[in-house]
>>> print(open('coords-v4.pdb').read())   # PDB, C-alpha atoms, pLDDT in the B column
ATOM      1  CA  MET U   1      92.166  73.354 135.134  1.00 39.00           C
ATOM      2  CA  PRO U   2      92.094  77.125 134.587  1.00 41.00           C
ATOM      3  CA  GLU U   3      95.515  78.635 134.257  1.00 48.00           C
ATOM      4  CA  PRO U   4      96.632  80.850 137.139  1.00 45.00           C
ATOM      5  CA  ARG U   5      96.988  84.439 136.021  1.00 45.00           C
ATOM      6  CA  LEU U   6      97.301  87.669 137.861  1.00 45.00           C
ATOM      7  CA  ARG U   7      94.719  90.130 136.706  1.00 42.00           C
ATOM      8  CA  LEU U   8      96.480  92.519 134.362  1.00 43.00           C
ATOM      9  CA  ASP U   9      95.597  95.595 136.409  1.00 47.00           C
ATOM     10  CA  ASN U  10      97.185  94.138 139.559  1.00 50.00           C
ATOM     11  CA  ARG U  11     100.115  92.198 138.150  1.00 58.00           C
ATOM     12  CA  PHE U  12     102.355  95.162 137.580  1.00 74.00           C
ATOM     13  CA  LEU U  13     101.007  97.283 140.420  1.00 85.00           C
ATOM     14  CA  VAL U  14     102.495  94.965 143.035  1.00 91.00           C
ATOM     15  CA  VAL U  15     105.710  94.555 141.006  1.00 93.00           C
ATOM     16  CA  GLU U  16     106.042  98.342 140.807  1.00 92.00           C
ATOM     17  CA  ARG U  17     105.522  98.582 144.580  1.00 94.00           C
ATOM     18  CA  LEU U  18     108.233  95.985 145.172  1.00 95.00           C
ATOM     19  CA  VAL U  19     110.666  97.761 142.846  1.00 94.00           C
ATOM     20  CA  GLU U  20     109.991 101.081 144.598  1.00 93.00           C
ATOM     21  CA  LEU U  21     110.999  99.746 148.024  1.00 93.00           C
ATOM     22  CA  ASP U  22     114.233 101.228 149.355  1.00 92.00           C
ATOM     23  CA  ARG U  23     115.194  97.757 150.544  1.00 91.00           C
ATOM     24  CA  LEU U  24     113.411  94.517 149.703  1.00 93.00           C
ATOM     25  CA  THR U  25     112.810  92.723 152.995  1.00 93.00           C
ATOM     26  CA  GLY U  26     110.296  90.043 153.919  1.00 93.00           C
ATOM     27  CA  PRO U  27     108.098  92.391 155.969  1.00 93.00           C
ATOM     28  CA  ALA U  28     108.245  95.139 153.313  1.00 93.00           C
ATOM     29  CA  ALA U  29     107.315  92.667 150.546  1.00 94.00           C
ATOM     30  CA  ALA U  30     104.443  91.367 152.691  1.00 94.00           C
ATOM     31  CA  VAL U  31     103.072  94.895 153.107  1.00 95.00           C
ATOM     32  CA  ALA U  32     103.351  95.550 149.336  1.00 95.00           C
ATOM     33  CA  LEU U  33     101.420  92.358 148.594  1.00 95.00           C
ATOM     34  CA  GLU U  34      98.786  93.057 151.244  1.00 94.00           C
ATOM     35  CA  VAL U  35      98.059  96.619 150.063  1.00 93.00           C
ATOM     36  CA  SER U  36      97.832  95.260 146.510  1.00 91.00           C
ATOM     37  CA  GLY U  37      94.972  92.983 147.532  1.00 91.00           C
ATOM     38  CA  TRP U  38      96.806  89.694 148.062  1.00 93.00           C
ATOM     39  CA  THR U  39      95.887  87.292 150.876  1.00 94.00           C
ATOM     40  CA  GLY U  40      98.822  85.948 152.867  1.00 94.00           C
ATOM     41  CA  GLU U  41      99.429  82.822 154.885  1.00 93.00           C
ATOM     42  CA  ARG U  42     102.153  82.288 157.472  1.00 90.00           C
ATOM     43  CA  ARG U  43     103.765  78.938 156.765  1.00 86.00           C
ATOM     44  CA  ASP U  44     106.980  79.476 158.659  1.00 83.00           C
ATOM     45  CA  PRO U  45     106.384  80.103 162.373  1.00 84.00           C
ATOM     46  CA  ALA U  46     109.834  81.693 162.628  1.00 83.00           C
ATOM     47  CA  LYS U  47     108.700  84.534 160.325  1.00 86.00           C
ATOM     48  CA  ALA U  48     106.595  87.398 161.590  1.00 86.00           C
ATOM     49  CA  TRP U  49     105.049  87.892 158.145  1.00 89.00           C
ATOM     50  CA  ALA U  50     103.181  85.748 155.637  1.00 91.00           C
ATOM     51  CA  THR U  51     105.440  84.049 153.096  1.00 92.00           C
ATOM     52  CA  THR U  52     102.790  82.474 150.849  1.00 94.00           C
ATOM     53  CA  TRP U  53     100.337  84.728 149.023  1.00 94.00           C
ATOM     54  CA  ARG U  54      97.355  84.276 146.761  1.00 91.00           C
ATOM     55  CA  GLN U  55      95.189  86.494 144.622  1.00 89.00           C
ATOM     56  CA  ASP U  56      92.471  84.791 142.628  1.00 82.00           C
ATOM     57  CA  ASP U  57      94.265  81.824 141.006  1.00 77.00           C
ATOM     58  CA  ALA U  58      97.744  83.386 141.137  1.00 82.00           C
ATOM     59  CA  HIS U  59     100.402  82.682 143.735  1.00 91.00           C
ATOM     60  CA  ALA U  60     103.389  84.541 145.138  1.00 94.00           C
ATOM     61  CA  TRP U  61     106.096  83.530 147.575  1.00 94.00           C
ATOM     62  CA  ILE U  62     108.459  85.604 149.665  1.00 94.00           C
ATOM     63  CA  GLN U  63     111.684  83.656 149.851  1.00 91.00           C
ATOM     64  CA  GLY U  64     114.573  84.338 152.182  1.00 84.00           C
ATOM     65  CA  ASP U  65     115.276  86.910 154.821  1.00 74.00           C
ATOM     66  CA  GLY U  66     117.796  89.709 154.947  1.00 68.00           C
ATOM     67  CA  PRO U  67     119.824  90.703 151.922  1.00 68.00           C
ATOM     68  CA  SER U  68     118.733  87.798 149.709  1.00 77.00           C
ATOM     69  CA  VAL U  69     114.931  88.241 149.763  1.00 89.00           C
ATOM     70  CA  GLN U  70     113.070  87.608 146.550  1.00 93.00           C
ATOM     71  CA  VAL U  71     109.414  87.533 145.626  1.00 96.00           C
ATOM     72  CA  GLU U  72     108.358  85.033 142.985  1.00 95.00           C
ATOM     73  CA  PHE U  73     105.009  85.117 141.215  1.00 94.00           C
ATOM     74  CA  THR U  74     103.631  82.149 139.314  1.00 91.00           C
ATOM     75  CA  LEU U  75     101.963  83.669 136.253  1.00 88.00           C
ATOM     76  CA  TRP U  76     101.275  80.434 134.368  1.00 87.00           C
ATOM     77  CA  TYR U  77     101.761  76.743 135.017  1.00 86.00           C
ATOM     78  CA  ARG U  78     100.857  73.402 133.572  1.00 85.00           C
ATOM     79  CA  GLU U  79     101.207  70.045 135.266  1.00 79.00           C
ATOM     80  CA  VAL U  80     103.384  67.458 133.557  1.00 73.00           C
ATOM     81  CA  GLU U  81     101.239  64.421 132.809  1.00 69.00           C
ATOM     82  CA  ASP U  82     103.176  61.142 132.805  1.00 59.00           C
ATOM     83  CA  GLU U  83     100.330  59.249 131.195  1.00 58.00           C
ATOM     84  CA  TRP U  84     100.592  61.117 127.886  1.00 61.00           C
ATOM     85  CA  PRO U  85     101.660  58.854 125.004  1.00 66.00           C
ATOM     86  CA  ASP U  86     104.922  60.712 124.334  1.00 70.00           C
ATOM     87  CA  PRO U  87     106.077  62.660 127.418  1.00 67.00           C
ATOM     88  CA  ASP U  88     109.038  64.200 125.538  1.00 72.00           C
ATOM     89  CA  THR U  89     106.769  65.697 122.873  1.00 73.00           C
ATOM     90  CA  TYR U  90     104.313  66.812 125.521  1.00 80.00           C
ATOM     91  CA  ILE U  91     107.075  68.541 127.495  1.00 82.00           C
ATOM     92  CA  ASP U  92     108.257  70.297 124.337  1.00 85.00           C
ATOM     93  CA  ASP U  93     104.684  71.480 123.737  1.00 86.00           C
ATOM     94  CA  LEU U  94     104.487  72.793 127.313  1.00 88.00           C
ATOM     95  CA  TYR U  95     107.812  74.594 126.905  1.00 90.00           C
ATOM     96  CA  ASP U  96     106.608  76.128 123.626  1.00 92.00           C
ATOM     97  CA  ALA U  97     103.329  77.280 125.208  1.00 92.00           C
ATOM     98  CA  ALA U  98     105.121  78.745 128.234  1.00 94.00           C
ATOM     99  CA  CYS U  99     107.707  80.516 126.058  1.00 96.00           C
ATOM    100  CA  THR U 100     104.928  82.004 123.909  1.00 96.00           C
ATOM    101  CA  GLU U 101     103.273  83.307 127.076  1.00 93.00           C
ATOM    102  CA  LEU U 102     106.661  84.595 128.274  1.00 96.00           C
ATOM    103  CA  ARG U 103     107.068  86.722 125.157  1.00 96.00           C
ATOM    104  CA  SER U 104     103.634  88.229 125.822  1.00 93.00           C
ATOM    105  CA  VAL U 105     104.525  89.021 129.460  1.00 92.00           C
ATOM    106  CA  VAL U 106     107.854  90.572 128.402  1.00 94.00           C
ATOM    107  CA  ALA U 107     106.064  92.773 125.853  1.00 93.00           C
ATOM    108  CA  GLU U 108     103.552  93.868 128.532  1.00 90.00           C
ATOM    109  CA  LEU U 109     106.334  94.679 131.010  1.00 92.00           C
ATOM    110  CA  GLU U 110     108.315  96.655 128.446  1.00 92.00           C
ATOM    111  CA  ALA U 111     105.216  98.609 127.390  1.00 90.00           C
ATOM    112  CA  GLY U 112     104.012  99.170 130.971  1.00 88.00           C
ATOM    113  CA  VAL U 113     104.713 101.614 133.759  1.00 87.00           C
ATOM    114  CA  LEU U 114     108.157 100.143 134.472  1.00 91.00           C
ATOM    115  CA  GLY U 115     109.091  99.854 130.789  1.00 92.00           C
ATOM    116  CA  ALA U 116     111.226 102.996 130.530  1.00 93.00           C
ATOM    117  CA  ARG U 117     113.165 101.977 133.650  1.00 95.00           C
ATOM    118  CA  LEU U 118     113.943  98.391 132.588  1.00 96.00           C
ATOM    119  CA  ALA U 119     117.644  98.133 131.751  1.00 95.00           C
ATOM    120  CA  PRO U 120     118.813  95.012 129.910  1.00 90.00           C
ATOM    121  CA  SER U 121     122.039  93.576 131.252  1.00 87.00           C
ATOM    122  CA  ASP U 122     124.777  91.310 129.934  1.00 85.00           C
ATOM    123  CA  GLU U 123     125.202  89.908 133.455  1.00 90.00           C
ATOM    124  CA  ASP U 124     123.761  86.596 134.572  1.00 92.00           C
ATOM    125  CA  LEU U 125     120.842  87.807 136.705  1.00 92.00           C
ATOM    126  CA  THR U 126     119.400  84.337 137.410  1.00 90.00           C
ATOM    127  CA  GLY U 127     120.925  84.004 140.872  1.00 84.00           C
ATOM    128  CA  GLY U 128     121.955  80.466 139.978  1.00 86.00           C
ATOM    129  CA  ALA U 129     118.483  79.249 138.966  1.00 88.00           C
ATOM    130  CA  ASP U 130     117.963  77.338 135.705  1.00 90.00           C
ATOM    131  CA  TYR U 131     115.434  78.591 133.170  1.00 94.00           C
ATOM    132  CA  VAL U 132     114.251  77.131 129.882  1.00 93.00           C
ATOM    133  CA  GLU U 133     113.997  80.705 128.558  1.00 95.00           C
ATOM    134  CA  LEU U 134     114.133  84.063 130.318  1.00 96.00           C
ATOM    135  CA  THR U 135     114.353  87.810 130.058  1.00 96.00           C
ATOM    136  CA  ALA U 136     115.905  89.767 132.913  1.00 96.00           C
ATOM    137  CA  TRP U 137     116.419  93.441 133.607  1.00 96.00           C
ATOM    138  CA  ARG U 138     117.926  95.707 136.190  1.00 96.00           C
ATOM    139  CA  VAL U 139     115.541  98.307 137.568  1.00 95.00           C
ATOM    140  CA  GLU U 140     117.722 100.618 139.622  1.00 87.00           C
ATOM    141  CA  ASP U 141     118.828  98.419 142.545  1.00 92.00           C
ATOM    142  CA  LYS U 142     116.430  95.540 141.795  1.00 95.00           C
ATOM    143  CA  ILE U 143     116.339  92.641 139.372  1.00 95.00           C
ATOM    144  CA  LEU U 144     113.144  91.835 137.509  1.00 96.00           C
ATOM    145  CA  LEU U 145     113.199  88.462 135.791  1.00 96.00           C
ATOM    146  CA  ALA U 146     110.506  86.724 133.750  1.00 96.00           C
ATOM    147  CA  GLY U 147     111.279  83.140 132.876  1.00 96.00           C
ATOM    148  CA  VAL U 148     110.059  79.665 132.094  1.00 96.00           C
ATOM    149  CA  LYS U 149     111.285  76.973 134.446  1.00 93.00           C
ATOM    150  CA  HIS U 150     110.824  73.282 135.039  1.00 88.00           C
ATOM    151  CA  ASP U 151     112.713  72.317 138.178  1.00 78.00           C
ATOM    152  CA  ASP U 152     112.306  68.542 137.866  1.00 73.00           C
ATOM    153  CA  THR U 153     110.036  65.938 136.305  1.00 66.00           C
ATOM    154  CA  GLU U 154     107.608  66.027 139.230  1.00 66.00           C
ATOM    155  CA  MET U 155     107.085  69.800 139.033  1.00 72.00           C
ATOM    156  CA  PRO U 156     104.887  71.758 136.622  1.00 83.00           C
ATOM    157  CA  VAL U 157     106.273  73.866 133.823  1.00 89.00           C
ATOM    158  CA  GLN U 158     105.973  77.431 135.124  1.00 91.00           C
ATOM    159  CA  LEU U 159     106.201  80.995 133.946  1.00 92.00           C
ATOM    160  CA  ALA U 160     107.561  82.940 136.889  1.00 94.00           C
ATOM    161  CA  LEU U 161     108.176  86.607 137.543  1.00 94.00           C
ATOM    162  CA  VAL U 162     110.862  87.296 140.149  1.00 95.00           C
ATOM    163  CA  VAL U 163     111.748  90.539 141.928  1.00 96.00           C
ATOM    164  CA  ARG U 164     114.863  90.707 144.102  1.00 94.00           C
ATOM    165  CA  GLU U 165     117.618  93.045 145.178  1.00 92.00           C
ATOM    166  CA  TYR U 166     120.559  93.408 142.848  1.00 89.00           C
ATOM    167  CA  SER U 167     123.841  92.500 144.444  1.00 76.00           C
ATOM    168  CA  VAL U 168     127.028  91.253 142.886  1.00 54.00           C
ATOM    169  CA  GLY U 169     127.417  87.527 143.457  1.00 48.00           C
ATOM    170  CA  ALA U 170     123.883  87.044 144.830  1.00 44.00           C
ATOM    171  CA  GLU U 171     122.879  83.404 145.200  1.00 46.00           C
ATOM    172  CA  ASP U 172     119.480  81.874 145.711  1.00 46.00           C
ATOM    173  CA  ASP U 173     118.926  79.803 148.837  1.00 46.00           C
ATOM    174  CA  GLU U 174     118.781  76.472 146.994  1.00 47.00           C
ATOM    175  CA  GLY U 175     115.158  76.878 145.932  1.00 45.00           C
ATOM    176  CA  GLU U 176     113.643  76.169 149.322  1.00 42.00           C
ATOM    177  CA  TRP U 177     110.331  78.019 149.449  1.00 38.00           C
ATOM    178  CA  LEU U 178     109.245  79.164 152.842  1.00 36.00           C
TER     179      LEU U 178
END
>>> encode(input="coords-v4.pdb", output="C-alpha cells")
Amino acid sequence: MPEPRLRLDNRFLVVERLVELDRLTGPAAAVALEVSGWTGERRDPAKAWATTWRQDDAHAWIQGDGPSVQVEFTLWYREVEDEWPDPDTYIDDLYDAACTELRSVVAELEAGVLGARLAPSDEDLTGGADYVELTAWRVEDKILLAGVKHDDTEMPVQLALVVREYSVGAEDDEGEWL
C-alpha cells in the first residue's frame, strides 16, 4: 500500500493558512482546506461544513466546534499486522520508521515558511493525547504539533500533524473524530 503523504508544496500551505486564521473554527478550517485544493465530505449532519478531507492519499479531519477546534493531518501511517511472527518487534520497527519520518517532517517545518515563527515551549501542548514521540511549537495563538501515535492495537501507527488554538488547560474531546 502506498504511504499517504501530502505533496510537499501543499502540506505547509494549508498549515500556514490555518495558523493565519484569527480564530480557528470549523467553518474557517473548512474554507482553508478547500482553497488549498482539498476535497471535503460532510459526515456529521449537525455540521454545516465538511469534517473529513482528502487530497491525493492524505487525509485531514476537523475535530470539535467552538473554542476547541483542531485540524489533524495524517502524513504517514502503517497498519499493524497481527500475523507477523513477532508483533512486538514489528511494532518497534513501525515506531522507528515513523519516528525517522517525524524527524524529517520537523526539519522541513523548521526550515519552511513558518520556521522563524515556531516557538518551542516547555508546556505540555498535547491536549491530553498520548504520543510515542512528538515535537510541538507555539505559533502566536496556535499550537502546531507533529507526532507519532498509536492509539490502540487495532489502529495503525500514524504520523500526525495537528493545528489548534492555544488555550491554557485545553483538552481534546476524547479522540472522537467527526
>>> residues_around(input="coords-v4.pdb", residues="segment 62-71 of chain U", least_positions_apart="4", cutoff="12 Å", atoms="all atoms listed in the file", output="PyMOL selection string")
chain U and resi 14-15+17-19+23-33+40-44+46-54+126-127+142-146+160-178
>>> atom_distance(input="coords-v4.pdb", atom1="atom CA of Asp141 of chain U", atom2="atom CA of Glu101 of chain U")
26.6 Å
>>> atom_distance(input="coords-v4.pdb", atom1="atom CA of Val132 of chain U", atom2="atom CA of Ala98 of chain U")
9.4 Å
>>> axis_aligned_box(input="coords-v4.pdb", around="segment 24-37 of chain U", padding_each_side="6 Å", output="AutoDock Vina command-line options")
--center_x 104.2 --center_y 93.3 --center_z 151.2 --size_x 30.4 --size_y 18.6 --size_z 21.5
>>> atom_distance(input="coords-v4.pdb", atom1="atom CA of Met155 of chain U", atom2="atom CA of Asp93 of chain U")
15.6 Å
>>> closest_residue(input="coords-v4.pdb", among="U:Leu134, U:Val106, U:Val139, U:Val148", to="Leu118 of chain U", atoms="only C-alpha atoms")
U:Val139
>>> resolve_selection(input="coords-v4.pdb", expression="the PyMOL selection byres ((chain U and resi 97) around 10)", output="VMD selection string")
chain U and resid 76 to 78 91 to 96 98 to 102 148 157 159
>>> closest_residue(input="coords-v4.pdb", among="U:Asp122, U:Glu16, U:Phe73, U:Pro45", to="Asp57 of chain U", atoms="all atoms listed in the file")
U:Phe73
>>> resolve_selection(input="coords-v4.pdb", expression="the PyMOL selection byres ((chain U and resi 120) around 8)", output="count of residues only")
7
>>> closest_residue(input="coords-v4.pdb", among="U:Leu21, U:Gln158, U:Tyr90, U:Gln55", to="Glu34 of chain U", atoms="all atoms listed in the file")
U:Gln55
>>> closest_residue(input="coords-v4.pdb", among="U:Val80, U:Val113, U:Val35, U:Val105", to="Gly147 of chain U", atoms="all atoms listed in the file")
U:Val105
